[in-house]
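A.B. asks: Dumping the structure here so I can ask a few things about it.
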Amino acid sequence: MKKAYIILPVILTLLILSCGKGFLDTDPQGVIIDEQLKTTKAVEASLIGAYGILNGNINGTWGNYSSGPSQWLYGEVAADNAHKGSNSGDQSPMNDIELHRVGPTNDNLPTMWRVYYEGIIRCNKTLQLLKTVQESDANDRFSDERATQIEAEAKLLRGHYYFFLKRVFVNIPYLDETITSTADAVKVPNTIDVDPMIEADFKFAVDNLEYTKPLGEVGRVDKYAAEAYLGKLYLYQKKYPEALVLFKNVITNKAPLTDMPFQNNFDINTENGPEGILVAQNIINDDGSGDNGNVGDMLAGLYNSAPISCCGFYQPSVDLANAYKVNASGLPLLDNSYRTNPYKSDLGLSGAAKTNYQVNKTLAFDPRLDYTIGRRGVSYRDWGTMPGDDWIRDPAYGGPFVAVKQMIDKSDFSGNTSPGTTNITGLNVNIIRLADVYLMAAECAVETNDLTYARNRVNDVRNRASSLPAVTAGGTPAAAYDVNPYASFPNQEYARNAVRFERRLELAMEGHRFYDLVRWGIAKTVIEDYQDFEKDFVSSSQTITFEDKDTYYPIPQEQMDRSGGALTQNDGY
Amino acid sequence: MGNFGGSRGSGLGNADNPLAVLYRAKDNVNTDNQFFGSAFADLNVVKGLNLKTVYGVRYDNYTSINIGYPNPERSEGSYDNNPLNEAQGYATEWTWTNTLTYKNKFNDKHDLTLLAGTEAVESQGRVVSGTGNNFFIFGDINYYYLSAASKGLSSSSNGYVSSLFSVFARADYNFYDKYLLSATIRRDGSSNFGPNNRYGNFPAASAAWRVSNENFLKGVSWINDLKLRAGYGSTGNQTIPSFQFLKRYQSAINSSSYPIDGTSAASGIWTSNYDNPDVKWEQLKSWNLGLDFAVASNKIDGSFDWYSRKTTDMLYPVPLPAQGVGGGASPYVNIGSMSNKGLELTLNYHHNSTAGKEAFKFDIGGNISRNVNLVTELAPTVKQQLYGGIRSLQTSIIVPNQPFGAFYGYKITGIYQNAEDIDNRPSYADARIGGPVYADISGPDGTPDGVIDANDRTVIGSPHPEFIYSLSFNTSYRNFDLSMFFNGSQGNDIFDVTRYYTDFSAFDGAVSTRMLDAWSPTNTESMTPSPYRNRPALELQANSYYVQDGSYFRMKLLQIGYSLPVANIFKDRIKNLRIYASGSNLFTVTKYSGLDPEVTQFSSDFTAPGVDLGVYPSSRQFIIGLNATF
């Protein structure tokens, strides 16, 4: 009996000693480890993850504003199209972006940086896993065709993520799939130009994707996206002839733009139509969570009693509204004379004049005005008549206008807005759409002096705009809508102006404007001039000096601090 | 518009009404049932040799229900947000210890204990939680079940498994209660580390000499007890999240899914956690010397201690740059070493006069200790580590030759008085009249360059006190008794984050009355920057305006009691009946302007000591009570 007592613990002790290693080898819970990823399924899943960053969001909802695929903050608020909106205290570091006095600690910078590096890491991981799977001798491998297609999809996405980062930060570290260790990745400096690598990725995608979507899935990237993006890269590099070839490929292989209604690009029922070239897919998850929704634009939810009421950010400028004025021929006022006697809705009125304000329906406007800008007295989508200040957080600060393109119809709210946070919607965001390609092609044609081609493309865009249904105010059209094609482009200078102006009117509030101004080399003149004009209407604008360094942004201080010296700050910061 | 906010006030911003926050928490229920027990077998093998095995189990079952209510008083509040979060989980742990102990006394002098053993611990837990929103019946706790939610249903679960295994040996030797020696060696293994770094070895030894038992002191009557102690010990720390040594991937709807077909989320994967294959045990090695004494017929006693502790391979989740980890979690690394050196002194005086009926007793005690903390070195991959991030602030830093968690930012040397001032003094982009002048500490070349930028950040305070102290006083006279306890801290700084809102107006909301004395053209002596919403971003960075002396002296407790003369009344059935009144936290002497100088610490990625986020202050309590002894 006594012996048994001795032996039992001794045996058990020895048992533990002998299997000590095994005892400490526990398994991770609810996560996946490398050994479990050597399958085709894992490669496809990693690619889906790589697509997942197209919506500018890793996870969570609040806080991912500056990385939104719409680039509303860097692309529009920083330019002459929009104000941050809300009030002066809300997200005040965004005021510094609007006024071009950004420092390295601005909290909008690390968000952009982190999200798109996450996208790049996911692309690289996909390429690594693809290589492992294809080089293994297991049966679970892709056909060569699908393997190449996956590589092309991942590389196009990677090129896009690098392009977005490069536009904002210029000097960025480049990492591809050959860097596998975390320790090596963090040491890469930001001293080489990433353009050649973006170009190589886009070229690979052009060469290996078809005009049909891979696996027939609408969210995937195809040859249209690859050609358009490679062309866009060339356009940014001022390689106009090379870019024009690619844009023409896209244009000739697509149906005519005039067959595609403008408003379908901003309607949740018609998204993923033929005009989309590169589109960030957004949905509200089945459980109502908004992480896969349009979180980048969520602050643009309107204010107070508006059906989607949130924060009241992203308000179109007075200058933009007036840019939609047309002359007697239905053409825009290219000489900026639209600023004379500006239209400013009910801004600055008080008392009875304010209460009794009626929208003047006799003003001549391009019809795209009311598909871009919400203004008092005019129908706002199917939400009813826009009541003015009641939907605006601080009109004296952000102006009298609200944005339209990133909102959805009231009749579509159900299932397309996140419960409790209805300002997150399932509306897709266009990163490149066909009209953009038309206008980029027109721009290349102007620079290569093919003014007829340029005019035809601009007129395609304008002709389509002329078929827009009138937006009403109290049952009748809210303006004397008029938009006509150009009869001629008398010279290159005129043509250049017309194309640039058309780009603003067509693509306003879609995240292009600031980057366009910068690559045209006119950011300083346009933005200083705009702030001077705009400051008479809203307190968010003021006279500013736009310096060279304001054409790009500083490397986030947080990333500088974390890099242990690997990263170098941009000039001027 | 809600019963708390009245109507939504202009400019009051996005803050919750604190009373409403309390009220809205009324239906939250958290329960936690813990069960623990152990069984052992102890076998006396031969005289003095025991084999003991102990098996202990802890089981913890917890549930929580949280109901959120609309918060319309906020400027971005909601009228219809009404979520139910419900969670149920368990945590279980077993510990199995086997020891072999040999204990003997030789020649009535040498007292020897030898022990060898093993210990295995396995912990495991799992929790499931669910959320639902929009309930048909509002505010009725009986209706709140997840299946009654009409929107926003989601569920999740997670869990963990971890294990520890140790082998250890120990020897204790005691000679006549005069010389005491003890030595331990243990080898600990943890599943938290990779195969190469799983085990750590941790030796310790201590010796004590009870001098008062020596013959040469036997005749010294005023010394009642005198003991000298010395020790060295090393211990390991492995309390980090599991599997830091592996890259981990997740397939999660919110992080890696994408509606690739345009309508529904296809699941993908992403790297959620990054790896540090080299992560290993953090070690604490400490030396200490001490002295315990009691003199003058035990009227005075006390102790004195000196120690030097060195923490090596400190475990810290150094945030890596996004080019390496994207949005995933950075692994813990062994970031460097830290030293703590200090002195502690305790002194007590006991008075007890039992002469006659007027029994009078009192005890006075005091304790003072000083600790000097210094980060001595950091791993080659880490130059310095800023942390404690709240919005655009980073409050604290880990950097060699500074205390752990020193406050880091710009030092304010004045206020820009006029335009020439901005031109003539070091300045930054968009510096303004009425804005803070920051000290020009350095530049890109390591020397002051007249430009204020990130190079000019410096240590602007330390959360570590020069010394802390406490005083206690207990007395009784006849049937009355009185006790008091005071404590204090001297020389520590506090980083008052609440000034981000109340003084720098980072958001709409109430501001501090300090702003009445802010700089203005007619109040040029003020060192408080003038309030200005359109300020350059640099003004909102961590700077010395946030940092204040956090020294305090506080009366923690005062208690007065009276013991009723009950002996005769209840015939000894009640031995003692005492009524008392006590008050805690009665007064505090401090210059600190925040809510409470006894700031706990703020944990972001890591503990940031002395950072005040405006936590709920210590309450002042008054208690009247009755003690009865049967």
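Identifiers in this document derive from the order of the structure tokens: chains are assigned A, B, ..., residues are numbered from 1 separately in each chain, and ligands are numbered from 1 in order of occurrence.
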Write down as number ranges by chain the residues of stretch 69-280 of chain A whose backbone DSSP state falls under strand (DSSP E).

C.D. replies: A: 82-85, 276-280

A.B. asks: Report, in Å to a single decimal, how far apart atom CA of B:Ile300 and atom CA of B:Ile368 are.

C.D. replies: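 If I compute the distance from atom CA of B:Ile368 to atom CA of B:Ile300, I get 16.3 Å.
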
A.B. asks: Write out as a ChimeraX atom specification which residues come within 8 Å of stretch 146-160 of chain A when counting only C-alpha atoms, dropping same-chain ones fewer than 4 positions away.

C.D. replies: /A:44,47,50-51,119-120,123-124,126-127,130,134,142,164,197-199,201-202,204-205,208-209,214,220-222,226,229

A.B. asks: Grab the atom CA of B:Thr346 to atom CA of B:Gly365 distance for me, in Å with one decimal place.

C.D. replies: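 Atom CA of B:Thr346 sits 7.4 Å away from atom CA of B:Gly365.
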
A.B. asks: For B:Tyr145, which residue out of B:Asn71, B:Asn66, B:Gln250, B:Ser212 is the nearest one, using only C-alpha atoms?

C.D. replies: B:Asn66

A.B. asks: Mind checking which residues fall within 12 Å of A:Thr421, counting only C-alpha atoms, ignoring those fewer than 6 positions away in the same chain, and posting them as JSON, numbers by chain?

C.D. replies: {"A": [61, 62, 284, 288, 289, 290, 291, 293, 294, 295, 298, 299, 301, 307, 308, 309, 310, 311, 413], "B": [76, 77, 78, 79, 80, 81, 82, 133, 151, 152]}

A.B. asks: Using only C-alpha atoms, which protein or nucleic acid residues come within 10 Å of A:Met440? Drop anything in the same chain fewer than 6 positions from it, and give the result as a PDB file with all heavy atoms, in the first residue's frame.

C.D. replies:
ATOM      1  N   ALA A 228      -6.023  51.246 -67.903  1.00  0.00           N
ATOM      2  CA  ALA A 228      -6.352  52.590 -67.432  1.00  0.00           C
ATOM      3  C   ALA A 228      -5.333  53.053 -66.396  1.00  0.00           C
ATOM      4  O   ALA A 228      -4.890  54.211 -66.411  1.00  0.00           O
ATOM      5  CB  ALA A 228      -7.761  52.619 -66.845  1.00  0.00           C
ATOM      6  N   GLY A 231      -1.939  53.711 -67.900  1.00  0.00           N
ATOM      7  CA  GLY A 231      -2.055  54.985 -68.597  1.00  0.00           C
ATOM      8  C   GLY A 231      -2.024  56.148 -67.630  1.00  0.00           C
ATOM      9  O   GLY A 231      -1.354  57.165 -67.856  1.00  0.00           O
ATOM     10  N   LYS A 232      -2.717  55.997 -66.524  1.00  0.00           N
ATOM     11  CA  LYS A 232      -2.759  57.061 -65.529  1.00  0.00           C
ATOM     12  C   LYS A 232      -1.367  57.326 -64.958  1.00  0.00           C
ATOM     13  O   LYS A 232      -0.969  58.474 -64.773  1.00  0.00           O
ATOM     14  CB  LYS A 232      -3.729  56.650 -64.414  1.00  0.00           C
ATOM     15  CG  LYS A 232      -3.985  57.729 -63.386  1.00  0.00           C
ATOM     16  CD  LYS A 232      -5.132  57.333 -62.467  1.00  0.00           C
ATOM     17  CE  LYS A 232      -5.390  58.413 -61.438  1.00  0.00           C
ATOM     18  NZ  LYS A 232      -6.575  58.129 -60.612  1.00  0.00           N
ATOM     19  N   LEU A 235       0.452  59.206 -67.489  1.00  0.00           N
ATOM     20  CA  LEU A 235      -0.047  60.581 -67.512  1.00  0.00           C
ATOM     21  C   LEU A 235       0.617  61.398 -66.409  1.00  0.00           C
ATOM     22  O   LEU A 235       1.039  62.537 -66.624  1.00  0.00           O
ATOM     23  CB  LEU A 235      -1.565  60.584 -67.337  1.00  0.00           C
ATOM     24  CG  LEU A 235      -2.248  61.945 -67.277  1.00  0.00           C
ATOM     25  CD1 LEU A 235      -2.131  62.671 -68.612  1.00  0.00           C
ATOM     26  CD2 LEU A 235      -3.723  61.799 -66.898  1.00  0.00           C
ATOM     27  N   TYR A 240       2.733  61.269 -72.480  1.00  0.00           N
ATOM     28  CA  TYR A 240       1.390  61.340 -73.066  1.00  0.00           C
ATOM     29  C   TYR A 240       1.137  60.326 -74.179  1.00  0.00           C
ATOM     30  O   TYR A 240       0.083  59.696 -74.190  1.00  0.00           O
ATOM     31  CB  TYR A 240       1.123  62.766 -73.549  1.00  0.00           C
ATOM     32  CG  TYR A 240       1.257  63.787 -72.434  1.00  0.00           C
ATOM     33  CD1 TYR A 240       2.301  64.699 -72.411  1.00  0.00           C
ATOM     34  CD2 TYR A 240       0.334  63.800 -71.376  1.00  0.00           C
ATOM     35  CE1 TYR A 240       2.433  65.611 -71.371  1.00  0.00           C
ATOM     36  CE2 TYR A 240       0.460  64.715 -70.340  1.00  0.00           C
ATOM     37  CZ  TYR A 240       1.519  65.617 -70.340  1.00  0.00           C
ATOM     38  OH  TYR A 240       1.645  66.503 -69.314  1.00  0.00           O
ATOM     39  N   ALA A 243       0.588  56.895 -72.746  1.00  0.00           N
ATOM     40  CA  ALA A 243      -0.664  56.843 -71.986  1.00  0.00           C
ATOM     41  C   ALA A 243      -1.863  56.792 -72.934  1.00  0.00           C
ATOM     42  O   ALA A 243      -2.810  56.022 -72.725  1.00  0.00           O
ATOM     43  CB  ALA A 243      -0.768  58.064 -71.077  1.00  0.00           C
ATOM     44  N   LEU A 244      -1.806  57.592 -73.987  1.00  0.00           N
ATOM     45  CA  LEU A 244      -2.952  57.705 -74.890  1.00  0.00           C
ATOM     46  C   LEU A 244      -3.291  56.366 -75.542  1.00  0.00           C
ATOM     47  O   LEU A 244      -4.467  56.006 -75.674  1.00  0.00           O
ATOM     48  CB  LEU A 244      -2.663  58.777 -75.964  1.00  0.00           C
ATOM     49  CG  LEU A 244      -3.829  59.156 -76.874  1.00  0.00           C
ATOM     50  CD1 LEU A 244      -5.060  59.563 -76.056  1.00  0.00           C
ATOM     51  CD2 LEU A 244      -3.442  60.287 -77.816  1.00  0.00           C
ATOM     52  N   PHE A 247      -5.280  54.403 -73.024  1.00  0.00           N
ATOM     53  CA  PHE A 247      -6.630  54.931 -72.817  1.00  0.00           C
ATOM     54  C   PHE A 247      -7.512  54.608 -74.022  1.00  0.00           C
ATOM     55  O   PHE A 247      -8.681  54.254 -73.866  1.00  0.00           O
ATOM     56  CB  PHE A 247      -6.588  56.452 -72.599  1.00  0.00           C
ATOM     57  CG  PHE A 247      -5.906  56.858 -71.313  1.00  0.00           C
ATOM     58  CD1 PHE A 247      -5.069  57.971 -71.262  1.00  0.00           C
ATOM     59  CD2 PHE A 247      -6.109  56.135 -70.143  1.00  0.00           C
ATOM     60  CE1 PHE A 247      -4.446  58.349 -70.086  1.00  0.00           C
ATOM     61  CE2 PHE A 247      -5.480  56.515 -68.951  1.00  0.00           C
ATOM     62  CZ  PHE A 247      -4.646  57.613 -68.935  1.00  0.00           C
ATOM     63  N   LEU A 434     -15.038  55.301 -66.419  1.00  0.00           N
ATOM     64  CA  LEU A 434     -14.770  55.509 -67.845  1.00  0.00           C
ATOM     65  C   LEU A 434     -14.663  56.995 -68.205  1.00  0.00           C
ATOM     66  O   LEU A 434     -13.813  57.377 -69.012  1.00  0.00           O
ATOM     67  CB  LEU A 434     -15.850  54.815 -68.682  1.00  0.00           C
ATOM     68  CG  LEU A 434     -15.561  54.740 -70.182  1.00  0.00           C
ATOM     69  CD1 LEU A 434     -14.253  54.026 -70.473  1.00  0.00           C
ATOM     70  CD2 LEU A 434     -16.715  54.044 -70.919  1.00  0.00           C
ATOM     71  N   VAL A 446      -4.530  66.581 -76.052  1.00  0.00           N
ATOM     72  CA  VAL A 446      -4.165  68.006 -76.056  1.00  0.00           C
ATOM     73  C   VAL A 446      -2.656  68.151 -76.044  1.00  0.00           C
ATOM     74  O   VAL A 446      -2.088  68.911 -76.835  1.00  0.00           O
ATOM     75  CB  VAL A 446      -4.775  68.737 -74.822  1.00  0.00           C
ATOM     76  CG1 VAL A 446      -4.161  70.130 -74.683  1.00  0.00           C
ATOM     77  CG2 VAL A 446      -6.278  68.827 -74.949  1.00  0.00           C
ATOM     78  N   ALA A 454      -9.286  65.315 -78.639  1.00  0.00           N
ATOM     79  CA  ALA A 454      -9.529  65.843 -77.299  1.00  0.00           C
ATOM     80  C   ALA A 454     -10.946  66.418 -77.205  1.00  0.00           C
ATOM     81  O   ALA A 454     -11.687  66.135 -76.247  1.00  0.00           O
ATOM     82  CB  ALA A 454      -8.498  66.916 -76.961  1.00  0.00           C
ATOM     83  N   ARG A 457     -13.705  63.716 -77.091  1.00  0.00           N
ATOM     84  CA  ARG A 457     -13.859  63.024 -75.808  1.00  0.00           C
ATOM     85  C   ARG A 457     -14.548  63.942 -74.780  1.00  0.00           C
ATOM     86  O   ARG A 457     -15.425  63.518 -74.052  1.00  0.00           O
ATOM     87  CB  ARG A 457     -12.504  62.555 -75.280  1.00  0.00           C
ATOM     88  CG  ARG A 457     -11.805  61.499 -76.148  1.00  0.00           C
ATOM     89  CD  ARG A 457     -12.509  60.159 -76.215  1.00  0.00           C
ATOM     90  NE  ARG A 457     -13.661  60.150 -77.117  1.00  0.00           N
ATOM     91  CZ  ARG A 457     -13.581  60.106 -78.458  1.00  0.00           C
ATOM     92  NH1 ARG A 457     -12.418  60.068 -79.072  1.00  0.00           N
ATOM     93  NH2 ARG A 457     -14.673  60.095 -79.189  1.00  0.00           N
ATOM     94  N   VAL A 458     -14.129  65.205 -74.767  1.00  0.00           N
ATOM     95  CA  VAL A 458     -14.764  66.152 -73.841  1.00  0.00           C
ATOM     96  C   VAL A 458     -16.250  66.268 -74.183  1.00  0.00           C
ATOM     97  O   VAL A 458     -17.123  66.259 -73.303  1.00  0.00           O
ATOM     98  CB  VAL A 458     -14.068  67.530 -73.903  1.00  0.00           C
ATOM     99  CG1 VAL A 458     -14.878  68.577 -73.138  1.00  0.00           C
ATOM    100  CG2 VAL A 458     -12.661  67.432 -73.330  1.00  0.00           C
ATOM    101  N   VAL A 499     -10.261  71.038 -71.136  1.00  0.00           N
ATOM    102  CA  VAL A 499     -10.167  69.661 -70.621  1.00  0.00           C
ATOM    103  C   VAL A 499     -10.041  69.680 -69.096  1.00  0.00           C
ATOM    104  O   VAL A 499     -10.707  68.929 -68.387  1.00  0.00           O
ATOM    105  CB  VAL A 499      -8.972  68.931 -71.263  1.00  0.00           C
ATOM    106  CG1 VAL A 499      -8.734  67.602 -70.563  1.00  0.00           C
ATOM    107  CG2 VAL A 499      -9.220  68.716 -72.739  1.00  0.00           C
ATOM    108  N   ARG A 500      -9.183  70.566 -68.622  1.00  0.00           N
ATOM    109  CA  ARG A 500      -8.977  70.636 -67.175  1.00  0.00           C
ATOM    110  C   ARG A 500     -10.276  71.045 -66.465  1.00  0.00           C
ATOM    111  O   ARG A 500     -10.609  70.524 -65.405  1.00  0.00           O
ATOM    112  CB  ARG A 500      -7.849  71.617 -66.845  1.00  0.00           C
ATOM    113  CG  ARG A 500      -6.488  71.057 -67.229  1.00  0.00           C
ATOM    114  CD  ARG A 500      -5.370  72.047 -66.970  1.00  0.00           C
ATOM    115  NE  ARG A 500      -4.079  71.427 -67.284  1.00  0.00           N
ATOM    116  CZ  ARG A 500      -2.921  72.057 -67.196  1.00  0.00           C
ATOM    117  NH1 ARG A 500      -2.872  73.321 -66.803  1.00  0.00           N
ATOM    118  NH2 ARG A 500      -1.794  71.436 -67.486  1.00  0.00           N
ATOM    119  N   ARG A 503     -12.709  68.213 -66.415  1.00  0.00           N
ATOM    120  CA  ARG A 503     -12.298  67.215 -65.422  1.00  0.00           C
ATOM    121  C   ARG A 503     -12.815  67.608 -64.038  1.00  0.00           C
ATOM    122  O   ARG A 503     -13.279  66.779 -63.277  1.00  0.00           O
ATOM    123  CB  ARG A 503     -10.770  67.139 -65.423  1.00  0.00           C
ATOM    124  CG  ARG A 503     -10.246  65.788 -65.091  1.00  0.00           C
ATOM    125  CD  ARG A 503      -8.770  65.625 -65.254  1.00  0.00           C
ATOM    126  NE  ARG A 503      -8.353  64.659 -64.248  1.00  0.00           N
ATOM    127  CZ  ARG A 503      -8.589  63.361 -64.340  1.00  0.00           C
ATOM    128  NH1 ARG A 503      -9.154  62.844 -65.403  1.00  0.00           N
ATOM    129  NH2 ARG A 503      -8.241  62.541 -63.351  1.00  0.00           N
TER     130      ARG A 503
END

A.B. asks: Give me the residues near B:Asn627 as an NGL selection string, where near means some atom within 12 Å (using only C-alpha atoms) and where sequence neighbours in that chain fewer than 5 positions away do not count.

C.D. replies: :B and (561-564 or 574-581)

A.B. asks: Convert the current residue selection to file output with all heavy atoms, as a CSV table (one decimal), in the first residue's frame.

C.D. replies:
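Output contents, as saved in selection.csv:
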chain,number,residue,atom,x,y,z
B,561,GLY,N,-13.3,55.4,17.8
B,561,GLY,CA,-14.2,54.3,18.3
B,561,GLY,C,-14.5,54.4,19.8
B,561,GLY,O,-13.7,55.0,20.5
B,562,TYR,N,-15.6,53.9,20.2
B,562,TYR,CA,-15.9,53.8,21.6
B,562,TYR,C,-16.4,52.4,21.9
B,562,TYR,O,-17.3,51.9,21.3
B,562,TYR,CB,-16.9,54.9,22.0
B,562,TYR,CG,-17.3,54.8,23.4
B,562,TYR,CD1,-16.4,55.3,24.4
B,562,TYR,CD2,-18.5,54.3,23.8
B,562,TYR,CE1,-16.7,55.2,25.7
B,562,TYR,CE2,-18.8,54.3,25.2
B,562,TYR,CZ,-17.9,54.7,26.1
B,562,TYR,OH,-18.2,54.6,27.5
B,563,SER,N,-15.7,51.7,22.8
B,563,SER,CA,-16.2,50.4,23.2
B,563,SER,C,-17.1,50.5,24.4
B,563,SER,O,-16.8,51.0,25.4
B,563,SER,CB,-15.0,49.5,23.6
B,563,SER,OG,-14.1,49.4,22.5
B,564,LEU,N,-18.3,50.0,24.2
B,564,LEU,CA,-19.3,50.1,25.2
B,564,LEU,C,-19.0,49.1,26.3
B,564,LEU,O,-18.5,48.0,26.1
B,564,LEU,CB,-20.7,49.8,24.6
B,564,LEU,CG,-21.2,50.7,23.6
B,564,LEU,CD1,-22.3,50.1,22.8
B,564,LEU,CD2,-21.6,52.1,24.2
B,574,ILE,N,-21.8,38.8,24.9
B,574,ILE,CA,-21.1,39.7,23.9
B,574,ILE,C,-19.9,40.1,24.6
B,574,ILE,O,-20.0,40.7,25.7
B,574,ILE,CB,-22.0,40.8,23.5
B,574,ILE,CG1,-23.2,40.3,22.7
B,574,ILE,CG2,-21.2,41.9,22.7
B,574,ILE,CD1,-24.2,41.4,22.3
B,575,LYS,N,-18.8,39.8,24.0
B,575,LYS,CA,-17.5,40.1,24.7
B,575,LYS,C,-17.1,41.6,24.4
B,575,LYS,O,-16.5,42.2,25.2
B,575,LYS,CB,-16.4,39.2,24.1
B,575,LYS,CG,-16.6,37.8,24.4
B,575,LYS,CD,-15.3,37.0,24.4
B,575,LYS,CE,-15.5,35.5,24.8
B,575,LYS,NZ,-16.2,34.8,23.7
B,576,ASN,N,-17.5,42.1,23.3
B,576,ASN,CA,-17.0,43.4,22.9
B,576,ASN,C,-18.1,44.1,22.0
B,576,ASN,O,-18.6,43.4,21.1
B,576,ASN,CB,-15.7,43.3,22.2
B,576,ASN,CG,-15.1,44.7,21.9
B,576,ASN,OD1,-15.5,45.7,22.5
B,576,ASN,ND2,-14.1,44.7,21.0
B,577,LEU,N,-18.4,45.3,22.3
B,577,LEU,CA,-19.3,46.0,21.4
B,577,LEU,C,-18.8,47.4,21.2
B,577,LEU,O,-18.6,48.1,22.2
B,577,LEU,CB,-20.7,46.0,22.1
B,577,LEU,CG,-21.9,46.5,21.2
B,577,LEU,CD1,-22.1,45.6,20.0
B,577,LEU,CD2,-23.1,46.6,22.0
B,578,ARG,N,-18.4,47.7,20.0
B,578,ARG,CA,-17.7,49.0,19.7
B,578,ARG,C,-18.5,49.7,18.6
B,578,ARG,O,-18.9,49.2,17.6
B,578,ARG,CB,-16.3,48.6,19.3
B,578,ARG,CG,-15.5,49.8,18.8
B,578,ARG,CD,-14.1,49.4,18.5
B,578,ARG,NE,-13.3,50.5,17.9
B,578,ARG,CZ,-13.2,50.6,16.6
B,578,ARG,NH1,-13.7,49.7,15.7
B,578,ARG,NH2,-12.4,51.6,16.1
B,579,ILE,N,-18.7,51.0,18.9
B,579,ILE,CA,-19.2,51.8,17.8
B,579,ILE,C,-18.1,52.7,17.3
B,579,ILE,O,-17.2,53.1,18.1
B,579,ILE,CB,-20.4,52.7,18.2
B,579,ILE,CG1,-20.1,53.5,19.5
B,579,ILE,CG2,-21.7,51.8,18.5
B,579,ILE,CD1,-21.1,54.6,19.8
B,580,TYR,N,-18.1,53.0,16.0
B,580,TYR,CA,-17.1,53.8,15.5
B,580,TYR,C,-17.6,54.7,14.4
B,580,TYR,O,-18.6,54.5,13.8
B,580,TYR,CB,-15.9,53.0,15.0
B,580,TYR,CG,-16.2,52.1,13.8
B,580,TYR,CD1,-15.9,52.6,12.5
B,580,TYR,CD2,-16.7,50.9,14.0
B,580,TYR,CE1,-16.2,51.9,11.4
B,580,TYR,CE2,-17.0,50.1,12.9
B,580,TYR,CZ,-16.7,50.6,11.6
B,580,TYR,OH,-17.0,49.9,10.5
B,581,ALA,N,-16.8,55.8,14.1
B,581,ALA,CA,-17.1,56.6,13.0
B,581,ALA,C,-15.7,56.8,12.3
B,581,ALA,O,-14.7,56.9,12.9
B,581,ALA,CB,-17.6,58.0,13.4

A.B. asks: Quick one: everything within 9 Å of stretch 253-262 of chain B, counting only C-alpha atoms, minus sequence neighbours fewer than 5 positions away in the same chain. Send it as number ranges by chain.

C.D. replies: A: 45-46, 48-55, 57-60, 216-220, 271-272, 281-283, 285, 289-292, 428; B: 267-270, 272

A.B. asks: Suppose we keep C-alpha atoms; can you now write the selection as a tab-separated table (two decimals), in the first residue's frame?

C.D. replies:
chain	number	residue	atom	x	y	z
A	45	ALA	CA	-8.18	33.78	-49.52
A	46	SER	CA	-5.04	35.87	-49.24
A	48	ILE	CA	-9.42	38.32	-51.22
A	49	GLY	CA	-7.68	39.86	-48.22
A	50	ALA	CA	-5.58	41.92	-50.63
A	51	TYR	CA	-8.73	43.13	-52.37
A	52	GLY	CA	-10.12	43.93	-48.93
A	53	ILE	CA	-7.95	47.05	-48.68
A	54	LEU	CA	-9.55	48.58	-51.78
A	55	ASN	CA	-12.12	50.15	-49.45
A	57	ASN	CA	-10.10	50.14	-44.32
A	58	ILE	CA	-8.45	47.30	-42.45
A	59	ASN	CA	-11.11	46.96	-39.80
A	60	GLY	CA	-13.18	49.09	-37.53
A	216	GLY	CA	-16.48	36.13	-63.47
A	217	GLU	CA	-16.58	38.08	-60.24
A	218	VAL	CA	-17.50	41.72	-60.61
A	219	GLY	CA	-15.21	42.96	-57.86
A	220	ARG	CA	-12.03	41.66	-59.50
A	271	GLU	CA	-23.25	50.25	-59.15
A	272	ASN	CA	-20.87	47.86	-60.88
A	281	GLN	CA	-16.78	47.31	-53.43
A	282	ASN	CA	-18.68	48.21	-50.29
A	283	ILE	CA	-21.41	46.33	-48.49
A	285	ASN	CA	-22.23	42.92	-43.56
A	289	SER	CA	-21.44	45.77	-39.05
A	290	GLY	CA	-19.97	48.44	-41.25
A	291	ASP	CA	-16.34	47.39	-41.58
A	292	ASN	CA	-16.77	46.42	-45.23
A	428	ASN	CA	-19.24	51.56	-53.90
B	267	SER	CA	-13.75	35.50	-46.68
B	268	GLY	CA	-10.08	36.18	-46.97
B	269	ILE	CA	-7.10	36.03	-44.69
B	270	TRP	CA	-4.61	38.53	-43.36
B	272	SER	CA	-3.09	39.70	-37.86

A.B. asks: Counting only C-alpha atoms, which residues of stretch 438-484 of chain B fall within 12 Å of stretch 98-114 of chain A, and what is the closest atom pair for each with its distance in Å at one decimal, ordered by chain and rising number, as JSON lines?

C.D. replies:
{"residue": "B:Ile452", "atom": "CA", "partner": "A:Gly103", "partner_atom": "CA", "distance": 11.3}
{"residue": "B:Asp453", "atom": "CA", "partner": "A:Gly103", "partner_atom": "CA", "distance": 8.9}
{"residue": "B:Ala454", "atom": "CA", "partner": "A:Pro104", "partner_atom": "CA", "distance": 8.4}
{"residue": "B:Asn455", "atom": "CA", "partner": "A:Pro104", "partner_atom": "CA", "distance": 11.8}
